[in-house]
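So this one's target22.tsv, TSV, C-alpha atoms:
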chain	number	residue	atom	x	y	z
G	1	MET	CA	125.17	111.21	30.06
G	2	PRO	CA	125.47	110.78	26.29
G	3	ASN	CA	124.41	113.68	24.10
G	4	GLY	CA	123.06	111.36	21.44
G	5	TYR	CA	123.56	108.03	19.66
G	6	SER	CA	125.20	107.35	16.32
G	7	GLY	CA	122.80	106.78	13.45
G	8	PHE	CA	125.32	104.33	11.96
G	9	ASP	CA	126.13	101.91	14.79
G	10	GLY	CA	124.14	103.10	17.82
G	11	ARG	CA	127.28	104.14	19.68
G	12	PRO	CA	126.64	106.66	22.48
G	13	MET	CA	128.27	110.05	21.82
G	14	TYR	CA	129.68	111.97	24.76
G	15	ASN	CA	130.34	115.30	23.07
G	16	SER	CA	128.44	117.33	25.67
G	17	VAL	CA	129.78	118.44	29.03
G	18	ASP	CA	126.45	119.91	30.13
G	19	ALA	CA	124.14	116.91	29.55
G	20	SER	CA	125.11	115.18	32.80
G	21	LEU	CA	124.91	118.41	34.77
G	22	LEU	CA	121.50	119.30	33.37
G	23	LEU	CA	120.26	115.94	34.67
G	24	PHE	CA	120.79	117.16	38.24
G	25	GLU	CA	118.60	120.20	37.68
G	26	GLN	CA	115.87	118.11	36.07
G	27	ILE	CA	115.90	115.86	39.12
G	28	ASN	CA	115.41	118.96	41.27
G	29	LYS	CA	112.40	119.86	39.12
G	30	TYR	CA	111.09	116.31	39.30
G	31	LEU	CA	111.30	116.36	43.11
G	32	GLU	CA	109.69	119.80	43.23
G	33	TYR	CA	106.63	118.48	41.43
G	34	THR	CA	106.43	114.91	42.80
G	35	GLY	CA	108.40	114.62	46.05
G	36	ASP	CA	109.26	111.10	44.89
G	37	TYR	CA	112.61	110.63	46.65
G	38	ASP	CA	112.23	106.83	46.55
G	39	PHE	CA	112.50	106.81	42.75
G	40	VAL	CA	115.56	109.08	42.84
G	41	LYS	CA	117.25	106.93	45.47
G	42	GLU	CA	116.52	103.61	43.78
G	43	GLU	CA	117.03	104.53	40.13
G	44	LEU	CA	119.27	107.60	39.91
G	45	TYR	CA	121.26	108.29	43.06
G	46	GLU	CA	124.22	105.98	42.33
G	47	LYS	CA	124.50	107.39	38.80
G	48	LEU	CA	124.60	110.93	40.18
G	49	LYS	CA	127.45	109.97	42.47
G	50	ASP	CA	129.28	108.40	39.51
G	51	ILE	CA	128.93	111.62	37.49
G	52	ILE	CA	130.35	113.79	40.27
G	53	THR	CA	133.20	111.30	40.85
G	54	ASN	CA	134.13	111.09	37.17
G	55	TYR	CA	133.96	114.85	36.63
G	56	SER	CA	136.05	115.42	39.75
G	57	GLN	CA	138.69	112.85	38.82
G	58	GLY	CA	138.63	113.78	35.12
G	59	THR	CA	137.10	112.11	32.08
G	60	ASN	CA	138.02	112.38	28.41
G	61	LEU	CA	135.36	110.47	26.48
G	62	ASP	CA	135.16	111.74	22.88
G	63	ASP	CA	137.95	114.24	23.70
G	64	ASN	CA	135.71	116.29	25.98
G	65	ASN	CA	138.61	116.91	28.41
G	66	ILE	CA	136.58	117.39	31.60
G	67	TYR	CA	138.32	117.91	34.93
G	68	VAL	CA	138.23	120.08	38.06
G	69	ASP	CA	141.08	122.57	38.38
G	70	SER	CA	142.85	123.36	41.65
G	71	ASP	CA	140.58	126.40	42.15
G	72	GLY	CA	137.47	124.19	42.19
G	73	LEU	CA	136.23	125.30	38.76
G	74	LEU	CA	135.35	122.80	36.04
G	75	VAL	CA	137.40	122.81	32.85
G	76	SER	CA	136.16	121.28	29.60
G	77	GLY	CA	136.86	121.02	25.90
G	78	THR	CA	139.83	121.66	23.64
G	79	GLU	CA	140.47	124.04	20.77
G	80	LYS	CA	138.95	121.46	18.41
G	81	THR	CA	136.18	120.14	20.66
G	82	GLN	CA	132.73	121.68	20.85
G	83	ASN	CA	130.99	120.25	23.90
G	84	THR	CA	128.67	123.02	25.08
G	85	TRP	CA	125.30	123.73	23.45
G	86	MET	CA	127.01	126.35	21.26
G	87	ASP	CA	128.54	123.58	19.17
G	88	ALA	CA	128.66	124.87	15.57
G	89	LYS	CA	131.67	123.48	13.75
G	90	ILE	CA	132.55	123.58	10.05
G	91	GLY	CA	135.10	120.87	9.29
G	92	ASP	CA	137.87	121.57	11.78
G	93	TYR	CA	136.84	125.22	12.21
G	94	VAL	CA	135.20	125.95	15.56
G	95	VAL	CA	132.76	128.86	15.19
G	96	THR	CA	132.34	129.66	18.88
G	97	PRO	CA	135.35	128.21	20.74
G	98	ARG	CA	134.34	127.84	24.38
G	99	ASN	CA	136.95	125.49	25.80
G	100	GLY	CA	138.26	126.18	29.29
G	101	LYS	CA	136.26	127.48	32.23
G	102	VAL	CA	132.78	128.14	30.84
G	103	VAL	CA	130.19	130.19	32.72
G	104	GLU	CA	127.13	127.93	32.44
G	105	ILE	CA	129.15	124.75	32.96
G	106	ASN	CA	130.50	126.03	36.26
G	107	ALA	CA	127.11	127.34	37.35
G	108	LEU	CA	125.68	123.88	36.61
G	109	TRP	CA	128.63	122.20	38.33
G	110	TYR	CA	127.92	124.15	41.52
G	111	ASN	CA	124.22	123.35	41.27
G	112	SER	CA	125.00	119.65	40.79
G	113	LEU	CA	127.32	119.57	43.81
G	114	LYS	CA	124.66	121.23	45.99
G	115	THR	CA	122.01	118.83	44.68
G	116	LEU	CA	124.09	115.78	45.57
G	117	GLU	CA	125.07	117.35	48.90
G	118	ASN	CA	121.43	117.58	49.91
G	119	LEU	CA	120.37	114.22	48.47
G	120	SER	CA	123.23	112.35	50.13
G	121	LYS	CA	122.44	114.01	53.45
G	122	LYS	CA	118.81	112.93	53.12
G	123	PHE	CA	119.87	109.39	52.20
G	124	GLY	CA	122.23	109.13	55.19
G	125	GLU	CA	125.60	109.37	53.44
G	126	GLU	CA	127.20	112.15	55.47
G	127	ASP	CA	130.69	111.62	54.01
G	128	VAL	CA	129.40	112.19	50.47
G	129	SER	CA	127.41	115.21	51.63
G	130	LYS	CA	130.43	116.75	53.35
G	131	ALA	CA	132.69	116.26	50.32
G	132	CYS	CA	130.13	117.86	48.01
G	133	LYS	CA	129.61	120.76	50.40
G	134	GLU	CA	133.35	121.51	50.46
G	135	ALA	CA	133.68	121.24	46.67
G	136	ALA	CA	130.64	123.48	46.15
G	137	LYS	CA	132.01	126.13	48.51
G	138	LYS	CA	135.35	126.17	46.68
G	139	CYS	CA	133.62	126.40	43.30
G	140	LYS	CA	131.35	129.25	44.42
G	141	THR	CA	134.21	131.24	45.90
G	142	SER	CA	136.31	130.94	42.72
G	143	PHE	CA	133.33	131.58	40.46
G	144	ASN	CA	132.38	134.85	42.13
G	145	LYS	CA	136.01	135.94	42.32
G	146	ASN	CA	136.83	135.27	38.67
G	147	PHE	CA	133.72	135.37	36.47
G	148	TYR	CA	132.37	138.85	37.17
G	149	ASN	CA	133.39	141.35	34.47
G	150	THR	CA	133.58	144.68	36.29
G	151	ARG	CA	133.94	146.66	33.06
G	152	ARG	CA	130.81	145.31	31.38
G	153	LYS	CA	128.92	144.51	34.62
G	154	CYS	CA	128.10	140.98	33.56
G	155	LEU	CA	129.74	137.55	33.64
G	156	TYR	CA	132.53	136.37	31.35
G	157	ASP	CA	131.16	133.79	28.94
G	158	VAL	CA	134.43	131.88	29.24
G	159	LEU	CA	137.26	133.11	31.42
G	160	GLY	CA	139.25	135.33	29.07
G	161	ASP	CA	136.26	136.05	26.78
G	162	ASN	CA	134.17	139.11	27.65
G	163	LYS	CA	131.48	138.76	24.97
G	164	ILE	CA	127.95	139.28	26.29
G	165	ARG	CA	126.05	136.01	25.82
G	166	PRO	CA	122.94	134.51	27.45
G	167	ASN	CA	124.78	131.57	29.05
G	168	GLN	CA	125.44	133.67	32.16
G	169	LEU	CA	121.75	133.25	33.07
G	170	PHE	CA	122.57	129.78	34.40
G	171	ALA	CA	124.26	131.52	37.34
G	172	LEU	CA	120.83	132.91	38.32
G	173	SER	CA	118.30	130.34	37.15
G	174	THR	CA	119.08	127.01	38.82
G	175	THR	CA	117.71	125.54	42.06
G	176	TYR	CA	121.01	126.42	43.76
G	177	PRO	CA	122.30	129.60	42.07
G	178	VAL	CA	126.06	130.11	42.26
G	179	MET	CA	125.57	133.88	42.72
G	180	THR	CA	123.87	135.63	45.64
G	181	LEU	CA	120.71	136.78	43.87
G	182	SER	CA	120.09	139.79	46.11
G	183	SER	CA	123.57	141.15	45.33
G	184	GLU	CA	124.24	144.13	43.09
G	185	LYS	CA	126.35	141.94	40.80
G	186	ALA	CA	123.50	139.48	40.21
G	187	LYS	CA	121.13	142.35	39.44
G	188	ASN	CA	123.64	143.78	36.99
G	189	VAL	CA	123.91	140.43	35.21
G	190	PHE	CA	120.14	140.13	34.86
G	191	ASN	CA	119.77	143.73	33.68
G	192	ILE	CA	122.53	143.39	31.07
G	193	VAL	CA	120.90	140.26	29.63
G	194	THR	CA	117.53	142.03	29.59
G	195	ASP	CA	118.87	145.17	27.94
G	196	LYS	CA	121.26	143.62	25.43
G	197	LEU	CA	119.88	140.19	24.54
G	198	LEU	CA	116.12	139.89	25.11
G	199	THR	CA	113.80	139.99	22.09
G	200	ARG	CA	110.14	139.00	21.73
G	201	TYR	CA	111.19	135.74	20.07
G	202	GLY	CA	114.03	134.67	22.32
G	203	LEU	CA	117.43	135.79	23.50
G	204	ARG	CA	120.21	136.87	21.19
G	205	THR	CA	123.21	134.58	21.40
G	206	LEU	CA	125.54	137.57	21.21
G	207	SER	CA	125.17	141.24	22.00
G	208	ARG	CA	124.86	143.68	19.11
G	209	MET	CA	127.80	145.58	20.65
G	210	ASP	CA	130.19	142.66	20.16
G	211	ASP	CA	132.37	141.97	17.15
G	212	GLY	CA	131.02	139.19	14.96
G	213	TYR	CA	127.36	139.89	15.72
G	214	ILE	CA	125.00	138.57	13.03
G	215	ALA	CA	121.27	139.30	13.17
G	216	GLU	CA	119.94	137.12	10.33
G	217	TYR	CA	119.98	133.35	9.86
G	218	GLU	CA	120.18	132.93	6.10
G	219	GLY	CA	122.24	131.69	3.15
G	220	ASP	CA	123.97	128.36	2.55
G	221	SER	CA	124.93	125.92	5.30
G	222	PHE	CA	128.31	127.59	5.86
G	223	LYS	CA	126.77	131.04	6.32
G	224	ARG	CA	124.02	129.68	8.58
G	225	ASP	CA	126.50	127.82	10.80
G	226	MET	CA	128.59	130.98	11.05
G	227	SER	CA	125.57	132.89	12.43
G	228	TYR	CA	123.97	130.13	14.54
G	229	HIS	CA	125.31	131.34	17.89
G	230	GLN	CA	126.54	134.77	16.86
G	231	GLY	CA	123.45	136.86	17.51
G	232	ILE	CA	120.53	134.77	16.29
G	233	SER	CA	117.69	134.54	18.84
G	234	TRP	CA	116.91	131.13	20.35
G	235	VAL	CA	113.44	130.53	21.78
G	236	TRP	CA	114.46	127.98	24.44
G	237	LEU	CA	116.53	130.63	26.21
G	238	LEU	CA	113.28	132.37	27.19
G	239	GLY	CA	112.69	129.54	29.67
G	240	LEU	CA	116.10	130.11	31.19
G	241	TYR	CA	115.37	133.84	31.39
G	242	ALA	CA	112.00	133.17	33.05
G	243	ASP	CA	113.58	130.92	35.68
G	244	ALA	CA	116.21	133.56	36.44
G	245	PHE	CA	113.53	136.27	36.58
G	246	GLN	CA	111.43	134.31	39.08
G	247	ASN	CA	114.47	133.47	41.21
G	248	MET	CA	115.39	137.15	41.29
G	249	ILE	CA	111.87	138.07	42.39
G	250	LYS	CA	112.00	135.54	45.24
G	251	ALA	CA	115.37	136.90	46.40
G	252	GLU	CA	114.37	140.59	46.30
G	253	LYS	CA	114.18	142.02	49.83
G	254	ASP	CA	112.62	145.41	49.06
G	255	PRO	CA	108.79	144.96	48.95
G	256	LYS	CA	108.34	147.87	46.55
G	257	GLU	CA	110.97	146.56	44.14
G	258	LYS	CA	109.58	143.02	44.41
G	259	LYS	CA	106.13	144.29	43.42
G	260	SER	CA	107.63	146.17	40.48
G	261	MET	CA	109.49	143.05	39.34
G	262	GLN	CA	106.34	140.95	39.60
G	263	ALA	CA	104.53	143.46	37.39
G	264	ARG	CA	107.36	143.33	34.83
G	265	TYR	CA	107.32	139.54	34.85
G	266	LYS	CA	103.57	139.57	34.18
G	267	ILE	CA	104.20	141.76	31.12
G	268	PHE	CA	106.99	139.43	29.96
G	269	LYS	CA	104.75	136.38	30.35
G	270	GLY	CA	101.92	138.12	28.48
G	271	ASN	CA	104.26	139.01	25.62
G	272	VAL	CA	105.41	135.40	25.35
G	273	TYR	CA	101.81	134.20	25.21
G	274	THR	CA	100.74	136.77	22.62
G	275	THR	CA	103.81	136.31	20.43
G	276	PHE	CA	103.75	132.54	20.23
G	277	LYS	CA	99.98	132.16	20.06
G	278	LYS	CA	100.21	134.16	16.84
G	279	GLU	CA	103.27	132.21	15.74
G	280	ILE	CA	101.53	128.86	16.22
G	281	ASN	CA	98.33	129.92	14.48
G	282	ASP	CA	99.36	132.33	11.75
G	283	GLU	CA	103.05	132.20	10.86
G	284	GLU	CA	105.46	129.92	8.95
G	285	ALA	CA	105.72	127.06	11.46
G	286	VAL	CA	101.99	126.33	11.56
G	287	GLN	CA	100.93	124.62	14.82
G	288	SER	CA	104.46	124.74	16.23
G	289	ILE	CA	107.43	126.98	17.07
G	290	SER	CA	110.69	127.23	15.17
G	291	GLU	CA	114.19	126.66	16.52
G	292	VAL	CA	115.58	130.17	15.99
G	293	TYR	CA	114.49	133.63	14.85
G	294	ASN	CA	116.26	136.58	13.35
G	295	SER	CA	117.18	139.25	15.86
G	296	LYS	CA	115.77	142.19	13.94
G	297	PRO	CA	112.37	142.94	12.37
G	298	PRO	CA	110.45	141.14	10.98
G	299	TYR	CA	112.06	138.41	13.13
G	300	LEU	CA	111.78	135.68	10.50
G	301	PRO	CA	112.05	132.07	11.76
G	302	GLY	CA	114.87	129.70	10.85
G	303	GLY	CA	116.38	126.34	11.66
G	304	THR	CA	114.07	123.46	12.48
G	305	CYS	CA	110.46	124.42	11.78
G	306	SER	CA	109.18	122.52	14.83
G	307	GLN	CA	111.58	122.45	17.77
G	308	ALA	CA	110.79	120.53	20.97
G	309	TRP	CA	112.72	122.71	23.38
G	310	SER	CA	111.23	125.87	21.87
G	311	VAL	CA	107.72	124.50	22.41
G	312	SER	CA	108.40	123.14	25.90
G	313	GLU	CA	109.98	126.31	27.27
G	314	VAL	CA	107.19	128.53	25.94
G	315	LEU	CA	104.59	126.21	27.46
G	316	LYS	CA	106.48	126.27	30.76
G	317	ILE	CA	106.37	130.06	30.88
G	318	ILE	CA	102.68	130.22	30.02
G	319	ILE	CA	101.55	127.46	32.39
G	320	LYS	CA	103.80	128.16	35.37
G	321	SER	CA	102.53	130.88	37.70

Structure rendered as structure tokens:
Amino acid sequence: MPNGYSGFDGRPMYNSVDASLLLFEQINKYLEYTGDYDFVKEELYEKLKDIITNYSQGTNLDDNNIYVDSDGLLVSGTEKTQNTWMDAKIGDYVVTPRNGKVVEINALWYNSLKTLENLSKKFGEEDVSKACKEAAKKCKTSFNKNFYNTRRKCLYDVLGDNKIRPNQLFALSTTYPVMTLSSEKAKNVFNIVTDKLLTRYGLRTLSRMDDGYIAEYEGDSFKRDMSYHQGISWVWLLGLYADAFQNMIKAEKDPKEKKSMQARYKIFKGNVYTTFKKEINDEEAVQSISEVYNSKPPYLPGGTCSQAWSVSEVLKIIIKS
């Protein structure tokens, strides 16, 4: 899936490893709401198989360097290629280098394999289903063996990088989570994100405890790009957090703890409603929601003054039970 199209010649740009994988999760959501398997089979199924095949065999469009390693984990990017959503780049300088085995990319890879496994089984292609099942099992085993950071009790953002970032939520939030959600490790991951990254206006892109943390989005374009994913709070990540929260509630086996989590989620949802109702009506981005917010009081907005994925994720939290 292209990440965008050139404004000069209309050429598709493939500088995003996650776009194709996010499509699988959106199809899961589409089926959850509609049950329209005929549309998926007729219009999308062959494309999904192509994506899995090309990622498995390796593809290097726009130098994105995507391939599956021998351990079943997906590798992407180079030292000069930014192809995750944290894509700030100033000339040849990469602000947040995330090439290699990236946490959310591998969580999405597992989810995509499981999605195609189940779709192909439903559509009568047992050989495709079996291949996906084996690849998913290998990915999950390697993910849980390698990504958990025992010292910080969270997931490595990229293997070899122990910064605390919100991308680890993808391991908890998808239709087919790569972690066992009732496990102590999964609970630790969720608690660390809650304690270190959650604000009323979004999730910090970097923990305050980590070197390079920046709380304010300000200054010239260079200074803003340097802070973009280094601690600034992004609104859209609240939707990811909400999905993970609800998945964790469903997986909780202790009735008393489940009830407590449900009560905490209700408070979270109420805070989102109150915060962004005021933001839409009274603050700088009148009738909309900004792209990012500072991560310390007074949490001033920044970036695009009306951001689609900020609005959509807040609406999702408010509307979804």

Selection near Arg165 (chain G), 12 Å with only C-alpha atoms, sequence-local residues under 5 positions removed, as a VMD selection string:
chain G and resid 86 96 98 102 to 104 152 154 to 158 170 189 to 190 192 to 198 203 to 210 213 229 to 234 237

Within 12 Å of (138.4, 125.2, 22.8), all atoms listed in the file: residues as a PyMOL selection string?
chain G and resi 63-66+75-84+86-87+89+92-102+158-161

Please dump the current selection as a PDB file, in the coordinates of the input; keep C-alpha atoms.
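Everything below was put into selection38.pdb:
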ATOM      1  CA  ASP G  63     137.950 114.240  23.700  1.00  0.00           C
ATOM      2  CA  ASN G  64     135.710 116.290  25.980  1.00  0.00           C
ATOM      3  CA  ASN G  65     138.610 116.910  28.410  1.00  0.00           C
ATOM      4  CA  ILE G  66     136.580 117.390  31.600  1.00  0.00           C
ATOM      5  CA  VAL G  75     137.400 122.810  32.850  1.00  0.00           C
ATOM      6  CA  SER G  76     136.160 121.280  29.600  1.00  0.00           C
ATOM      7  CA  GLY G  77     136.860 121.020  25.900  1.00  0.00           C
ATOM      8  CA  THR G  78     139.830 121.660  23.640  1.00  0.00           C
ATOM      9  CA  GLU G  79     140.470 124.040  20.770  1.00  0.00           C
ATOM     10  CA  LYS G  80     138.950 121.460  18.410  1.00  0.00           C
ATOM     11  CA  THR G  81     136.180 120.140  20.660  1.00  0.00           C
ATOM     12  CA  GLN G  82     132.730 121.680  20.850  1.00  0.00           C
ATOM     13  CA  ASN G  83     130.990 120.250  23.900  1.00  0.00           C
ATOM     14  CA  THR G  84     128.670 123.020  25.080  1.00  0.00           C
ATOM     15  CA  MET G  86     127.010 126.350  21.260  1.00  0.00           C
ATOM     16  CA  ASP G  87     128.540 123.580  19.170  1.00  0.00           C
ATOM     17  CA  LYS G  89     131.670 123.480  13.750  1.00  0.00           C
ATOM     18  CA  ASP G  92     137.870 121.570  11.780  1.00  0.00           C
ATOM     19  CA  TYR G  93     136.840 125.220  12.210  1.00  0.00           C
ATOM     20  CA  VAL G  94     135.200 125.950  15.560  1.00  0.00           C
ATOM     21  CA  VAL G  95     132.760 128.860  15.190  1.00  0.00           C
ATOM     22  CA  THR G  96     132.340 129.660  18.880  1.00  0.00           C
ATOM     23  CA  PRO G  97     135.350 128.210  20.740  1.00  0.00           C
ATOM     24  CA  ARG G  98     134.340 127.840  24.380  1.00  0.00           C
ATOM     25  CA  ASN G  99     136.950 125.490  25.800  1.00  0.00           C
ATOM     26  CA  GLY G 100     138.260 126.180  29.290  1.00  0.00           C
ATOM     27  CA  LYS G 101     136.260 127.480  32.230  1.00  0.00           C
ATOM     28  CA  VAL G 102     132.780 128.140  30.840  1.00  0.00           C
ATOM     29  CA  VAL G 158     134.430 131.880  29.240  1.00  0.00           C
ATOM     30  CA  LEU G 159     137.260 133.110  31.420  1.00  0.00           C
ATOM     31  CA  GLY G 160     139.250 135.330  29.070  1.00  0.00           C
ATOM     32  CA  ASP G 161     136.260 136.050  26.780  1.00  0.00           C
TER      33      ASP G 161
END

Option closest in space to Leu315 (chain G), from G:Lys277, G:Lys145, G:Lys122, G:Lys258 [counting only C-alpha atoms]:
G:Lys277

Quick one: of G:Leu74, G:Leu119, G:Ala171, G:Val314, who's nearest to Phe24 (chain G), counting all atoms listed in the file?
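When distances to Phe24 (chain G) are compared using all atoms listed in the file, the smallest one comes from G:Leu119.
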
Two-atom distance - CA of Tyr33 (chain G), CA of Thr174 (chain G) (Å)
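Taking CA of Tyr33 (chain G) as the start and CA of Thr174 (chain G) as the end point, the length is 15.3 Å.
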
Point-to-point distance in Å for CA of Ala131 (chain G) and CA of Asp38 (chain G)
22.8 Å

What does the distance from CA of Ser183 (chain G) to CA of Ile105 (chain G) come to in Å, to one decimal?
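These atoms are spaced 21.3 Å apart.
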
Contacts of Tyr110 (chain G) within 10 Å, only C-alpha atoms, excl. fewer than 4 positions in-chain, as a ChimeraX atom specification:
/G:21,72-74,104-106,114-115,132-133,135-140,143,171,174,176-178

What's the 8 Å shell around Glu218 (chain G), counting only C-alpha atoms, without same-chain residues fewer than 3 positions away, as a PyMOL selection string?
chain G and resi 223-224+302

Model the absent atoms of region 15-41 of chain G so that N, CA and C atoms are present, and write the result as a short mmCIF file (atom, residue, chain, number, x, y, z; two decimals), in the coordinates of the input.
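Saved the output as out.cif:
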data_model
loop_
_atom_site.label_atom_id
_atom_site.label_comp_id
_atom_site.auth_asym_id
_atom_site.auth_seq_id
_atom_site.Cartn_x
_atom_site.Cartn_y
_atom_site.Cartn_z
N ASN G 15 129.78 114.01 23.46
CA ASN G 15 130.34 115.30 23.07
C ASN G 15 129.59 116.46 23.72
N SER G 16 129.18 116.28 24.98
CA SER G 16 128.44 117.33 25.67
C SER G 16 128.78 117.31 27.15
N VAL G 17 129.42 118.35 27.61
CA VAL G 17 129.78 118.44 29.03
C VAL G 17 128.57 118.78 29.89
N ASP G 18 127.56 119.44 29.31
CA ASP G 18 126.45 119.91 30.13
C ASP G 18 125.32 118.90 30.31
N ALA G 19 125.25 117.86 29.47
CA ALA G 19 124.14 116.91 29.55
C ALA G 19 124.03 116.28 30.93
N SER G 20 125.13 115.81 31.48
CA SER G 20 125.11 115.18 32.80
C SER G 20 124.73 116.17 33.89
N LEU G 21 125.19 117.40 33.76
CA LEU G 21 124.91 118.41 34.77
C LEU G 21 123.47 118.89 34.70
N LEU G 22 122.91 118.93 33.51
CA LEU G 22 121.50 119.30 33.37
C LEU G 22 120.59 118.25 33.99
N LEU G 23 121.04 117.00 34.03
CA LEU G 23 120.26 115.94 34.67
C LEU G 23 119.98 116.27 36.14
N PHE G 24 120.97 116.81 36.83
CA PHE G 24 120.79 117.16 38.24
C PHE G 24 119.67 118.18 38.42
N GLU G 25 119.64 119.18 37.55
CA GLU G 25 118.60 120.20 37.68
C GLU G 25 117.22 119.63 37.35
N GLN G 26 117.17 118.71 36.39
CA GLN G 26 115.87 118.11 36.07
C GLN G 26 115.37 117.23 37.21
N ILE G 27 116.29 116.63 37.93
CA ILE G 27 115.90 115.86 39.12
C ILE G 27 115.35 116.79 40.19
N ASN G 28 115.96 117.96 40.33
CA ASN G 28 115.41 118.96 41.27
C ASN G 28 113.98 119.33 40.88
N LYS G 29 113.75 119.52 39.58
CA LYS G 29 112.40 119.86 39.12
C LYS G 29 111.44 118.70 39.35
N TYR G 30 111.91 117.49 39.09
CA TYR G 30 111.09 116.31 39.30
C TYR G 30 110.66 116.21 40.77
N LEU G 31 111.60 116.42 41.68
CA LEU G 31 111.30 116.36 43.11
C LEU G 31 110.38 117.50 43.54
N GLU G 32 110.56 118.66 42.92
CA GLU G 32 109.69 119.80 43.23
C GLU G 32 108.24 119.48 42.94
N TYR G 33 108.00 118.76 41.84
CA TYR G 33 106.63 118.48 41.43
C TYR G 33 106.06 117.20 42.04
N THR G 34 106.93 116.22 42.36
CA THR G 34 106.43 114.91 42.80
C THR G 34 106.78 114.55 44.23
N GLY G 35 107.93 115.03 44.72
CA GLY G 35 108.40 114.62 46.05
C GLY G 35 108.78 113.15 46.12
N ASP G 36 109.01 112.54 44.97
CA ASP G 36 109.26 111.10 44.89
C ASP G 36 110.75 110.80 45.10
N TYR G 37 111.20 110.90 46.33
CA TYR G 37 112.61 110.63 46.65
C TYR G 37 112.94 109.15 46.51
N ASP G 38 111.97 108.27 46.68
CA ASP G 38 112.23 106.83 46.55
C ASP G 38 112.72 106.49 45.15
N PHE G 39 112.08 107.06 44.13
CA PHE G 39 112.50 106.81 42.75
C PHE G 39 113.93 107.31 42.52
N VAL G 40 114.22 108.52 43.01
CA VAL G 40 115.56 109.08 42.84
C VAL G 40 116.59 108.20 43.52
N LYS G 41 116.30 107.76 44.72
CA LYS G 41 117.25 106.93 45.47
C LYS G 41 117.49 105.58 44.80
#
